[in-house]
file final28.txt (compact mmCIF, C-alpha atoms and all ligand atoms)
# COMPACT_ATOMS: atom_id res chain seq x y z
CA MET A 1 -7.92 4.89 10.58
CA ARG A 2 -7.51 4.33 6.86
CA TYR A 3 -4.46 2.63 5.38
CA LYS A 4 -3.21 1.48 2.00
CA ARG A 5 -2.06 -1.85 0.74
CA VAL A 6 -1.24 -3.31 -2.64
CA ILE A 7 -3.12 -6.38 -3.81
CA ILE A 8 -2.99 -8.62 -6.83
CA THR A 9 -6.44 -8.70 -8.38
CA GLY A 10 -5.73 -11.93 -10.29
CA PHE A 11 -2.66 -13.88 -11.38
CA GLY A 12 -0.96 -12.10 -14.29
CA GLY A 13 1.31 -9.27 -15.39
CA PRO A 14 2.38 -6.20 -13.38
CA GLU A 15 -0.99 -4.56 -14.17
CA VAL A 16 -2.74 -6.87 -11.66
CA LEU A 17 -1.00 -4.97 -8.84
CA GLN A 18 -3.46 -2.42 -7.50
CA VAL A 19 -3.49 -0.04 -4.57
CA VAL A 20 -6.53 -0.37 -2.29
CA GLU A 21 -7.52 1.70 0.72
CA GLU A 22 -8.83 -0.11 3.79
CA THR A 23 -11.12 1.78 6.15
CA ALA A 24 -9.92 0.36 9.48
CA LEU A 25 -6.60 -0.90 10.80
CA PRO A 26 -6.34 -4.67 11.41
CA GLU A 27 -6.55 -5.68 15.10
CA PRO A 28 -3.96 -8.09 16.55
CA GLU A 29 -5.26 -11.37 18.01
CA PRO A 30 -3.69 -12.84 21.17
CA GLY A 31 -0.14 -13.91 20.26
CA GLU A 32 0.06 -11.32 17.48
CA VAL A 33 1.38 -7.81 17.10
CA ARG A 34 0.31 -5.12 14.67
CA ILE A 35 3.19 -3.80 12.58
CA LYS A 36 3.51 -0.45 10.85
CA VAL A 37 5.62 -1.41 7.85
CA LEU A 38 8.65 0.77 7.08
CA ALA A 39 10.06 -1.12 4.11
CA ALA A 40 9.20 -4.24 2.12
CA GLY A 41 11.34 -6.06 -0.40
CA ALA A 42 10.28 -6.37 -4.03
CA ALA A 43 11.82 -9.50 -5.50
CA PHE A 44 11.70 -11.87 -8.45
CA THR A 45 9.99 -14.33 -6.09
CA ASP A 46 7.10 -11.83 -5.77
CA VAL A 47 6.87 -11.88 -9.56
CA MET A 48 6.51 -15.67 -9.44
CA ILE A 49 3.78 -15.35 -6.82
CA ARG A 50 2.02 -12.64 -8.83
CA LYS A 51 2.01 -14.95 -11.86
CA GLY A 52 0.58 -17.81 -9.78
CA MET A 53 3.71 -19.91 -10.38
CA TYR A 54 5.05 -20.21 -6.82
CA PRO A 55 4.47 -23.75 -5.55
CA ASP A 56 4.35 -22.82 -1.82
CA VAL A 57 1.61 -20.17 -2.09
CA LYS A 58 -1.86 -21.68 -2.34
CA GLU A 59 -3.68 -18.36 -1.71
CA LYS A 60 -6.06 -17.21 -4.44
CA PRO A 61 -6.31 -13.50 -5.42
CA PRO A 62 -7.14 -10.97 -4.22
CA PHE A 63 -4.31 -10.88 -1.69
CA SER A 64 -1.30 -8.72 -0.90
CA PRO A 65 2.05 -10.07 -2.01
CA GLY A 66 5.25 -9.14 -0.17
CA TYR A 67 7.89 -11.67 0.88
CA ASP A 68 9.72 -9.71 3.58
CA LEU A 69 9.43 -6.60 5.68
CA VAL A 70 10.91 -4.40 8.36
CA GLY A 71 8.48 -2.47 10.52
CA VAL A 72 7.68 -1.03 13.92
CA VAL A 73 5.47 -2.76 16.48
CA ASP A 74 2.41 -0.55 16.63
CA LYS A 75 -0.02 -2.48 18.85
CA LEU A 76 0.20 -5.61 21.02
CA GLY A 77 -2.30 -8.46 21.04
CA GLU A 78 -3.68 -9.51 24.41
CA GLY A 79 -1.03 -10.85 26.80
CA MET A 80 1.91 -9.97 24.56
CA THR A 81 5.11 -9.48 26.54
CA ARG A 82 7.83 -10.44 24.05
CA PHE A 83 7.70 -7.14 22.14
CA LYS A 84 7.11 -3.49 23.04
CA VAL A 85 5.32 -0.85 21.03
CA GLY A 86 7.94 1.06 19.06
CA GLN A 87 10.32 -1.88 18.70
CA ARG A 88 11.59 -2.66 15.19
CA VAL A 89 11.08 -6.17 13.81
CA ALA A 90 11.62 -8.17 10.64
CA ASP A 91 9.89 -11.16 9.06
CA LEU A 92 9.86 -13.34 5.99
CA THR A 93 6.13 -13.10 5.42
CA VAL A 94 6.09 -14.84 1.98
CA ILE A 95 2.91 -12.88 1.20
CA GLY A 96 1.29 -9.85 2.80
CA ALA A 97 4.12 -7.33 3.22
CA TYR A 98 2.97 -4.86 0.52
CA SER A 99 0.88 -3.05 3.12
CA GLU A 100 1.18 -0.06 5.43
CA TYR A 101 -0.05 -2.17 8.37
CA LEU A 102 -0.51 -5.85 9.08
CA CYS A 103 -0.78 -8.22 12.05
CA LEU A 104 1.66 -11.11 12.46
CA PRO A 105 2.25 -13.85 15.05
CA ALA A 106 4.96 -12.54 17.38
CA ASP A 107 6.83 -15.84 17.52
CA ARG A 108 7.93 -15.46 13.88
CA LEU A 109 9.44 -12.01 14.28
CA VAL A 110 13.14 -11.20 14.50
CA PRO A 111 14.23 -8.03 16.34
CA VAL A 112 16.04 -5.46 14.18
CA PRO A 113 18.98 -3.88 16.04
CA ASP A 114 18.90 -0.13 16.57
CA GLY A 115 20.85 1.94 14.12
CA LEU A 116 20.21 -0.15 11.01
CA ASP A 117 18.67 1.60 8.04
CA ALA A 118 15.25 0.01 7.33
CA SER A 119 15.91 -0.33 3.57
CA GLU A 120 19.25 -2.01 4.15
CA ALA A 121 17.80 -4.25 6.85
CA VAL A 122 14.94 -5.41 4.62
CA SER A 123 17.40 -6.09 1.79
CA VAL A 124 19.14 -8.58 4.04
CA ILE A 125 16.08 -10.76 4.76
CA LEU A 126 15.21 -12.78 1.64
CA ALA A 127 18.33 -12.21 -0.43
CA TYR A 128 21.09 -12.55 2.18
CA VAL A 129 19.45 -15.32 4.23
CA THR A 130 19.11 -17.28 0.97
CA ALA A 131 22.75 -16.66 0.06
CA TYR A 132 23.99 -17.34 3.59
CA GLN A 133 22.07 -20.58 4.05
CA MET A 134 23.10 -21.91 0.64
CA LEU A 135 26.75 -21.21 1.44
CA HIS A 136 26.79 -22.35 5.05
CA ARG A 137 23.87 -24.74 5.57
CA ILE A 138 23.73 -26.51 2.19
CA ALA A 139 27.13 -26.26 0.50
CA LYS A 140 29.09 -25.83 3.75
CA VAL A 141 31.79 -24.00 1.80
CA LYS A 142 35.28 -23.66 3.16
CA ALA A 143 37.56 -20.66 2.82
CA ARG A 144 39.16 -20.20 -0.59
CA GLN A 145 36.94 -22.75 -2.39
CA ARG A 146 35.77 -21.91 -5.90
CA ILE A 147 32.15 -21.01 -6.66
CA LEU A 148 30.03 -19.88 -9.58
CA ILE A 149 26.78 -17.98 -9.13
CA HIS A 150 24.29 -17.28 -11.90
CA GLY A 151 22.33 -14.03 -11.85
CA ALA A 152 25.29 -12.54 -10.00
CA GLY A 153 24.16 -8.92 -10.50
CA GLY A 154 20.75 -9.47 -8.89
CA ALA A 155 19.63 -9.31 -5.27
CA VAL A 156 20.69 -12.83 -4.22
CA GLY A 157 23.73 -12.77 -6.50
CA THR A 158 25.24 -9.59 -5.03
CA ALA A 159 24.49 -10.89 -1.52
CA MET A 160 26.28 -14.15 -2.30
CA LEU A 161 29.33 -12.35 -3.67
CA GLN A 162 29.61 -10.15 -0.56
CA LEU A 163 29.28 -13.14 1.76
CA GLY A 164 31.71 -15.15 -0.38
CA ARG A 165 34.29 -12.38 -0.14
CA LEU A 166 34.21 -12.72 3.66
CA LEU A 167 35.34 -16.35 3.15
CA ASP A 168 37.97 -15.37 0.60
CA LEU A 169 36.26 -17.58 -2.00
CA GLU A 170 37.39 -17.66 -5.62
CA MET A 171 34.20 -16.43 -7.27
CA TYR A 172 32.76 -16.34 -10.78
CA GLY A 173 29.41 -14.82 -11.65
CA THR A 174 27.28 -14.88 -14.79
CA ALA A 175 25.36 -11.75 -15.71
CA SER A 176 24.68 -9.50 -18.67
CA GLU A 177 27.47 -7.04 -19.37
CA SER A 178 25.83 -4.01 -17.75
CA LYS A 179 26.26 -5.70 -14.34
CA HIS A 180 29.91 -6.69 -14.74
CA GLY A 181 31.31 -3.58 -13.01
CA LEU A 182 29.27 -4.33 -9.89
CA ILE A 183 30.38 -7.98 -9.87
CA ALA A 184 34.05 -7.11 -10.35
CA GLN A 185 33.88 -4.70 -7.37
CA THR A 186 33.33 -7.69 -5.07
CA GLY A 187 36.48 -9.37 -6.36
CA ALA A 188 34.54 -11.89 -8.50
CA THR A 189 35.15 -12.56 -12.19
CA PRO A 190 32.09 -11.73 -14.31
CA ILE A 191 31.10 -13.87 -17.28
CA ASP A 192 28.67 -12.66 -19.92
CA TYR A 193 26.21 -15.52 -20.37
CA ARG A 194 24.55 -13.72 -23.27
CA SER A 195 27.51 -13.36 -25.61
CA GLU A 196 29.68 -16.39 -24.89
CA ASP A 197 29.48 -20.09 -24.01
CA TRP A 198 29.93 -19.63 -20.30
CA VAL A 199 30.94 -23.26 -19.59
CA THR A 200 33.88 -22.98 -22.02
CA ARG A 201 34.83 -19.60 -20.59
CA LEU A 202 34.73 -20.97 -17.05
CA TYR A 203 37.05 -23.84 -17.98
CA ASP A 204 39.40 -21.38 -19.72
CA LEU A 205 39.53 -19.37 -16.51
CA THR A 206 39.70 -22.18 -13.95
CA GLY A 207 41.21 -25.19 -15.72
CA ASP A 208 38.96 -27.75 -14.04
CA GLY A 209 35.66 -26.11 -13.05
CA VAL A 210 34.31 -25.08 -9.67
CA ASP A 211 33.43 -26.68 -6.32
CA PHE A 212 29.90 -25.26 -6.22
CA VAL A 213 27.45 -23.76 -8.67
CA PHE A 214 24.48 -21.79 -7.31
CA ASP A 215 21.82 -21.80 -10.02
CA PRO A 216 18.43 -20.00 -9.86
CA ILE A 217 17.95 -20.05 -13.65
CA GLY A 218 16.82 -23.62 -14.36
CA GLY A 219 15.93 -25.26 -17.66
CA VAL A 220 19.01 -25.69 -19.83
CA SER A 221 21.09 -23.83 -17.23
CA PHE A 222 20.87 -26.67 -14.67
CA LYS A 223 22.32 -29.11 -17.24
CA GLN A 224 25.15 -26.75 -18.15
CA SER A 225 25.88 -26.05 -14.49
CA LEU A 226 26.47 -29.75 -13.88
CA LYS A 227 29.22 -29.63 -16.53
CA ALA A 228 30.94 -26.79 -14.68
CA ILE A 229 31.45 -28.73 -11.45
CA ARG A 230 34.66 -30.55 -10.66
CA PRO A 231 34.58 -34.00 -8.98
CA GLY A 232 33.45 -33.80 -5.38
CA GLY A 233 31.51 -30.61 -6.10
CA LYS A 234 27.83 -29.75 -5.85
CA LEU A 235 25.07 -28.02 -7.80
CA VAL A 236 22.82 -25.99 -5.52
CA ALA A 237 19.69 -25.21 -7.54
CA TYR A 238 17.33 -22.63 -6.08
CA GLY A 239 15.06 -21.14 -8.71
CA PHE A 240 13.30 -21.42 -12.04
CA TYR A 241 13.97 -18.03 -13.63
CA ASN A 242 13.78 -19.40 -17.19
CA ALA A 243 10.48 -21.22 -16.64
CA VAL A 244 8.89 -18.16 -15.00
CA MET A 245 10.03 -15.91 -17.87
CA GLY A 246 8.87 -18.40 -20.54
CA ARG A 247 12.44 -19.16 -21.62
CA GLY A 248 12.26 -22.96 -21.45
CA GLY A 249 12.30 -25.43 -18.60
CA SER A 250 9.43 -26.42 -16.36
CA ILE A 251 9.19 -25.94 -12.60
CA PRO A 252 8.17 -29.53 -11.69
CA LEU A 253 10.48 -31.19 -14.24
CA ASP A 254 13.47 -29.00 -13.39
CA PHE A 255 12.94 -29.83 -9.72
CA ILE A 256 12.67 -33.59 -10.33
CA ARG A 257 15.78 -33.58 -12.56
CA VAL A 258 17.85 -31.94 -9.82
CA LYS A 259 16.69 -34.58 -7.34
CA LEU A 260 17.41 -37.47 -9.77
CA TRP A 261 20.86 -36.18 -10.75
CA ASN A 262 21.87 -36.52 -7.12
CA LEU A 263 21.52 -40.30 -7.52
CA LEU A 264 23.99 -40.48 -10.44
CA PRO A 265 27.32 -42.06 -9.46
CA ASN A 266 29.44 -39.32 -11.07
CA GLY A 267 31.16 -37.84 -8.02
CA ARG A 268 29.02 -34.70 -8.13
CA SER A 269 26.00 -34.06 -5.94
CA THR A 270 22.95 -31.84 -6.33
CA ALA A 271 20.52 -30.19 -3.91
CA PHE A 272 17.54 -27.90 -4.17
CA TYR A 273 17.45 -25.02 -1.68
CA SER A 274 14.20 -23.40 -0.58
CA ILE A 275 14.22 -20.74 2.14
CA GLY A 276 10.64 -21.62 3.14
CA ALA A 277 11.22 -25.38 3.28
CA LEU A 278 14.37 -24.93 5.37
CA ARG A 279 12.57 -22.58 7.77
CA LYS A 280 9.80 -25.14 8.19
CA LYS A 281 12.32 -27.95 8.82
CA ASN A 282 14.60 -25.95 11.14
CA PRO A 283 12.54 -23.03 12.47
CA ASP A 284 15.39 -21.67 14.61
CA TRP A 285 17.88 -21.36 11.79
CA PHE A 286 16.05 -18.51 10.08
CA ALA A 287 16.11 -16.24 13.14
CA GLU A 288 19.67 -17.31 13.97
CA ASP A 289 20.98 -16.61 10.47
CA LEU A 290 19.08 -13.35 10.02
CA SER A 291 20.37 -12.07 13.39
CA LYS A 292 23.93 -12.96 12.32
CA LEU A 293 23.41 -11.05 9.07
CA PHE A 294 22.02 -8.00 10.91
CA ALA A 295 25.20 -8.07 13.00
CA LEU A 296 27.36 -8.20 9.85
CA LEU A 297 25.36 -5.28 8.46
CA GLY A 298 25.84 -3.28 11.66
CA GLN A 299 29.59 -3.92 11.56
CA GLY A 300 29.79 -2.84 7.91
CA ASP A 301 30.96 -6.29 6.74
CA ILE A 302 28.10 -6.42 4.24
CA LYS A 303 26.42 -3.54 2.40
CA PRO A 304 23.32 -4.36 0.35
CA VAL A 305 23.37 -2.96 -3.15
CA ILE A 306 20.07 -1.10 -3.39
CA ALA A 307 19.15 -0.43 -7.00
CA ALA A 308 16.05 1.64 -6.18
CA ARG A 309 13.83 2.73 -3.33
CA ILE A 310 10.30 2.92 -4.73
CA PRO A 311 7.11 4.03 -2.92
CA LEU A 312 4.77 1.12 -2.05
CA VAL A 313 2.00 2.57 -4.22
CA GLU A 314 4.33 2.21 -7.23
CA ALA A 315 4.80 -1.54 -6.69
CA ARG A 316 3.79 -2.10 -10.30
CA ARG A 317 6.84 -0.11 -11.49
CA ALA A 318 9.06 -2.17 -9.18
CA HIS A 319 7.77 -5.40 -10.74
CA GLU A 320 8.27 -4.05 -14.27
CA LEU A 321 11.88 -3.22 -13.40
CA ILE A 322 12.50 -6.68 -11.92
CA GLU A 323 11.03 -8.46 -14.95
CA ALA A 324 13.16 -6.36 -17.29
CA ALA A 325 16.26 -7.38 -15.23
CA GLY A 326 16.71 -3.64 -14.87
CA ALA A 327 17.88 -3.65 -11.26
CA GLN A 328 21.45 -4.05 -10.09
CA GLY A 329 20.99 -5.54 -6.63
CA LYS A 330 17.81 -5.10 -4.62
CA ILE A 331 14.61 -3.09 -5.02
CA VAL A 332 13.01 -1.82 -1.82
CA LEU A 333 9.44 -0.59 -1.42
CA ILE A 334 9.28 2.33 0.97
CA ILE A 335 6.18 2.90 3.00
N1 LIG B 401 14.90 -21.02 -3.41
C1 LIG B 401 14.79 -19.95 -2.65
O1 LIG B 401 14.55 -20.04 -1.44
C2 LIG B 401 14.99 -18.59 -3.27
C3 LIG B 401 15.13 -17.46 -2.47
C4 LIG B 401 15.34 -16.21 -3.09
C5 LIG B 401 15.38 -16.14 -4.49
N2 LIG B 401 15.19 -17.26 -5.21
C6 LIG B 401 15.26 -17.23 -6.70
O2 LIG B 401 16.53 -16.71 -7.05
C7 LIG B 401 16.43 -16.04 -8.30
C8 LIG B 401 17.09 -14.69 -8.18
O3 LIG B 401 16.37 -13.89 -7.29
P1 LIG B 401 16.75 -12.35 -7.12
O4 LIG B 401 15.82 -11.78 -6.15
O5 LIG B 401 18.21 -12.23 -6.96
O6 LIG B 401 16.34 -11.85 -8.59
P2 LIG B 401 16.89 -10.61 -9.40
O7 LIG B 401 17.39 -9.58 -8.46
O8 LIG B 401 15.83 -10.27 -10.39
O9 LIG B 401 18.15 -11.21 -10.15
C9 LIG B 401 18.08 -12.18 -11.14
C10 LIG B 401 19.20 -11.91 -12.12
O10 LIG B 401 19.36 -12.98 -13.03
C11 LIG B 401 19.93 -12.45 -14.22
N3 LIG B 401 19.70 -13.45 -15.27
C12 LIG B 401 18.58 -13.67 -15.99
N4 LIG B 401 18.76 -14.73 -16.83
C13 LIG B 401 20.00 -15.18 -16.59
C14 LIG B 401 20.78 -16.27 -17.13
N5 LIG B 401 20.28 -17.08 -18.08
N6 LIG B 401 22.02 -16.47 -16.66
C15 LIG B 401 22.54 -15.65 -15.71
N7 LIG B 401 21.87 -14.60 -15.17
C16 LIG B 401 20.61 -14.38 -15.61
C17 LIG B 401 19.25 -11.11 -14.39
O11 LIG B 401 20.02 -10.06 -14.94
P3 LIG B 401 20.91 -10.09 -16.28
O12 LIG B 401 20.22 -11.04 -17.21
O13 LIG B 401 20.90 -8.66 -16.76
O14 LIG B 401 22.25 -10.53 -15.84
C18 LIG B 401 19.00 -10.67 -12.94
O15 LIG B 401 20.00 -9.77 -12.47
C19 LIG B 401 14.96 -16.04 -8.68
O16 LIG B 401 14.74 -17.11 -9.58
C20 LIG B 401 14.25 -16.30 -7.35
O17 LIG B 401 13.00 -16.88 -7.52
C21 LIG B 401 15.01 -18.48 -4.64
call {"tool": "encode", "arguments": {"input": "final28.txt", "output": "structure tokens"}}
result
Amino acid sequence: MRYKRVIITGFGGPEVLQVVEETALPEPEPGEVRIKVLAAGAAFTDVMIRKGMYPDVKEKPPFSPGYDLVGVVDKLGEGMTRFKVGQRVADLTVIGAYSEYLCLPADRLVPVPDGLDASEAVSVILAYVTAYQMLHRIAKVKARQRILIHGAGGAVGTAMLQLGRLLDLEMYGTASESKHGLIAQTGATPIDYRSEDWVTRLYDLTGDGVDFVFDPIGGVSFKQSLKAIRPGGKLVAYGFYNAVMGRGGSIPLDFIRVKLWNLLPNGRSTAFYSIGALRKKNPDWFAEDLSKLFALLGQGDIKPVIAARIPLVEARRAHELIEAAGAQGKIVLII
């Protein structure tokens, strides 16, 4: 049976994303299952991978990108008893999810509870696990503490604000003005990083800064974020948006700076969060946290903001939208 997948033909712009048709379905090895993908996330992290700027992906093109997916088990590898054909599963694949079918080791998969919408469920994987783990595993925030998140109108940002609301946090979020309505709906205070000095504005609003800053922007932003933290607080850095978009900063230097700043005796600490590194270090946490988030989704405590549902074969359009910061919330590729 023929099936389609999207590959990157070389590292570069959105034009390197191409649809290819395979002539035969992949066959699961022992320990694997074949998955018919229902929905895959399209994220800024995929853009990094497509540009060849993601430190954890050593694969050389051509390969299929795709950081996360929800799908249905379609065929079992020999001896497989953990899953049944027809069962819905999720995974953080890092690459490979932009495909109608793929085989994955069963021990990485997380069951998706019945009744969840596939697009909403896939929106929870990368973005909400990132937000959840930064809040609970890294910062260990307590109810009513004060946080600032940059990129607050994006996929991780909106996830963080929804999870922060559950803890009754006092929240501030930087974003361009078009996303302020969305941010305000979660009870957070939006700050326009484009038109004002956001550090000054934050001090005007809070008096003495925040307990935690969550910063995926990097470059000059990391330095400014340090200034926004009150004594005893922490900078959680988790991305290099500026470096990837050619707006200053450098991935290795930004990373090293964050690590070195943690040694400064100034009463403020720093940490770098990576969803992949944490999964490698504590393999059980990913499944545990994702299952908790699926439960919150089922109960209606969280509701992913889905900016667009785009057919897989139009993955290029999805990437163009992400790079133009055109999405409020998450973009989902529908298969
Ligand atoms: N470390 C990890 O494990 C991990 C996991 C997931 C994601 N990430 C990283 O987290 C970042 C966000 O991911 P995402 O999926 O949420 O991306 P996204 O949906 O594209 O959101 C990024 C947002 O940042 C905003 N932005 C751009 N420059 C900004 C600036 N200087 N200050 C404040 N906001 C700015 C953009 O919109 P406006 O400019 O219009 O406001 C956009 O809404 C990416 O860098 C990604 O690589 C890291």
call {"tool": "residues_near_ligand", "arguments": {"input": "final28.txt", "ligand": "ligand LIG 401 (chain B)", "cutoff": "7 Å", "atoms": "only C-alpha atoms and all ligand atoms", "output": "ChimeraX atom specification"}}
result
/A:43-45,48,126-127,130,150-157,174-176,178-179,193,216-217,221,238-242,273-276,322-323,325-330
call {"tool": "closest_residue", "arguments": {"input": "final28.txt", "among": "A:Gly209, A:Pro65, A:Gly71, A:Gly173", "to": "A:Leu38", "atoms": "only C-alpha atoms"}}
result
A:Gly71
call {"tool": "residues_around", "arguments": {"input": "final28.txt", "residues": "A:Ala131", "least_positions_apart": "3", "cutoff": "6 Å", "atoms": "all atoms listed in the file", "output": "CSV table (one decimal) with C-alpha atoms, in the coordinates of the input"}}
result
chain,number,residue,atom,x,y,z
A,128,TYR,CA,21.1,-12.6,2.2
A,134,MET,CA,23.1,-21.9,0.6
A,160,MET,CA,26.3,-14.2,-2.3
call {"tool": "residues_around", "arguments": {"input": "final28.txt", "residues": "A:Val220", "least_positions_apart": "2", "cutoff": "8 Å", "atoms": "only C-alpha atoms", "output": "PDB file with C-alpha atoms, keeping the file's coordinate frame"}}
result
ATOM      1  CA  GLY A 218      16.820 -23.620 -14.360  1.00  0.00           C
ATOM      2  CA  PHE A 222      20.870 -26.670 -14.670  1.00  0.00           C
ATOM      3  CA  LYS A 223      22.320 -29.110 -17.240  1.00  0.00           C
ATOM      4  CA  GLN A 224      25.150 -26.750 -18.150  1.00  0.00           C
ATOM      5  CA  GLY A 248      12.260 -22.960 -21.450  1.00  0.00           C
ATOM      6  CA  GLY A 249      12.300 -25.430 -18.600  1.00  0.00           C
TER       7      GLY A 249
END
call {"tool": "closest_residue", "arguments": {"input": "final28.txt", "among": "A:Ile138, A:Leu226, A:Leu161, A:Val313", "to": "A:Ala188", "atoms": "only C-alpha atoms"}}
result
A:Leu161
call {"tool": "closest_residue", "arguments": {"input": "final28.txt", "among": "A:Leu76, A:Ile183, A:Val70, A:Ala315", "to": "A:Glu15", "atoms": "all atoms listed in the file"}}
result
A:Ala315
call {"tool": "closest_residue", "arguments": {"input": "final28.txt", "among": "A:Arg247, A:Ser123, A:Phe272, A:Ile191", "to": "A:Leu260", "atoms": "all atoms listed in the file"}}
result
A:Phe272
call {"tool": "residues_around", "arguments": {"input": "final28.txt", "residues": "A:Leu135", "least_positions_apart": "4", "cutoff": "12 Å", "atoms": "all atoms listed in the file", "output": "number ranges by chain"}}
result
A: 128-131, 139-143, 145-149, 156-157, 159-167, 169, 211-214, 234-236, 273, 289
call {"tool": "closest_residue", "arguments": {"input": "final28.txt", "among": "A:Pro14, A:Gly267, A:Pro311, A:Gly31", "to": "A:Arg108", "atoms": "all atoms listed in the file"}}
result
A:Gly31
call {"tool": "residues_around", "arguments": {"input": "final28.txt", "residues": "stretch 91-104 of chain A", "least_positions_apart": "5", "cutoff": "6 Å", "atoms": "only C-alpha atoms", "output": "mmCIF file with C-alpha atoms, in the frame of the given file"}}
result
data_model
loop_
_atom_site.group_PDB
_atom_site.id
_atom_site.type_symbol
_atom_site.label_atom_id
_atom_site.label_comp_id
_atom_site.auth_asym_id
_atom_site.auth_seq_id
_atom_site.Cartn_x
_atom_site.Cartn_y
_atom_site.Cartn_z
ATOM 1 C CA LYS A 4 -3.210 1.480 2.000
ATOM 2 C CA ARG A 5 -2.060 -1.850 0.740
ATOM 3 C CA VAL A 6 -1.240 -3.310 -2.640
ATOM 4 C CA PRO A 28 -3.960 -8.090 16.550
ATOM 5 C CA GLU A 32 0.060 -11.320 17.480
ATOM 6 C CA VAL A 33 1.380 -7.810 17.100
ATOM 7 C CA ARG A 34 0.310 -5.120 14.670
ATOM 8 C CA ILE A 35 3.190 -3.800 12.580
ATOM 9 C CA LYS A 36 3.510 -0.450 10.850
ATOM 10 C CA VAL A 37 5.620 -1.410 7.850
ATOM 11 C CA SER A 64 -1.300 -8.720 -0.900
ATOM 12 C CA PRO A 65 2.050 -10.070 -2.010
ATOM 13 C CA GLY A 66 5.250 -9.140 -0.170
ATOM 14 C CA TYR A 67 7.890 -11.670 0.880
ATOM 15 C CA ASP A 68 9.720 -9.710 3.580
ATOM 16 C CA LEU A 69 9.430 -6.600 5.680
ATOM 17 C CA LEU A 109 9.440 -12.010 14.280
#
call {"tool": "closest_residue", "arguments": {"input": "final28.txt", "among": "A:Glu288, A:Leu333, A:Glu177, A:Glu27", "to": "A:Arg194", "atoms": "only C-alpha atoms"}}
result
A:Glu177
call {"tool": "residues_around", "arguments": {"input": "final28.txt", "residues": "A:Pro252", "least_positions_apart": "4", "cutoff": "10 Å", "atoms": "only C-alpha atoms", "output": "PDB file with C-alpha atoms, in the frame of the given file"}}
result
ATOM      1  CA  PRO A  55       4.470 -23.750  -5.550  1.00  0.00           C
ATOM      2  CA  PHE A 240      13.300 -21.420 -12.040  1.00  0.00           C
ATOM      3  CA  ALA A 243      10.480 -21.220 -16.640  1.00  0.00           C
ATOM      4  CA  ILE A 256      12.670 -33.590 -10.330  1.00  0.00           C
ATOM      5  CA  ARG A 257      15.780 -33.580 -12.560  1.00  0.00           C
TER       6      ARG A 257
END
call {"tool": "atom_distance", "arguments": {"input": "final28.txt", "atom1": "atom CA of A:Val19", "atom2": "atom CA of A:Ala40"}}
result
14.9 Å
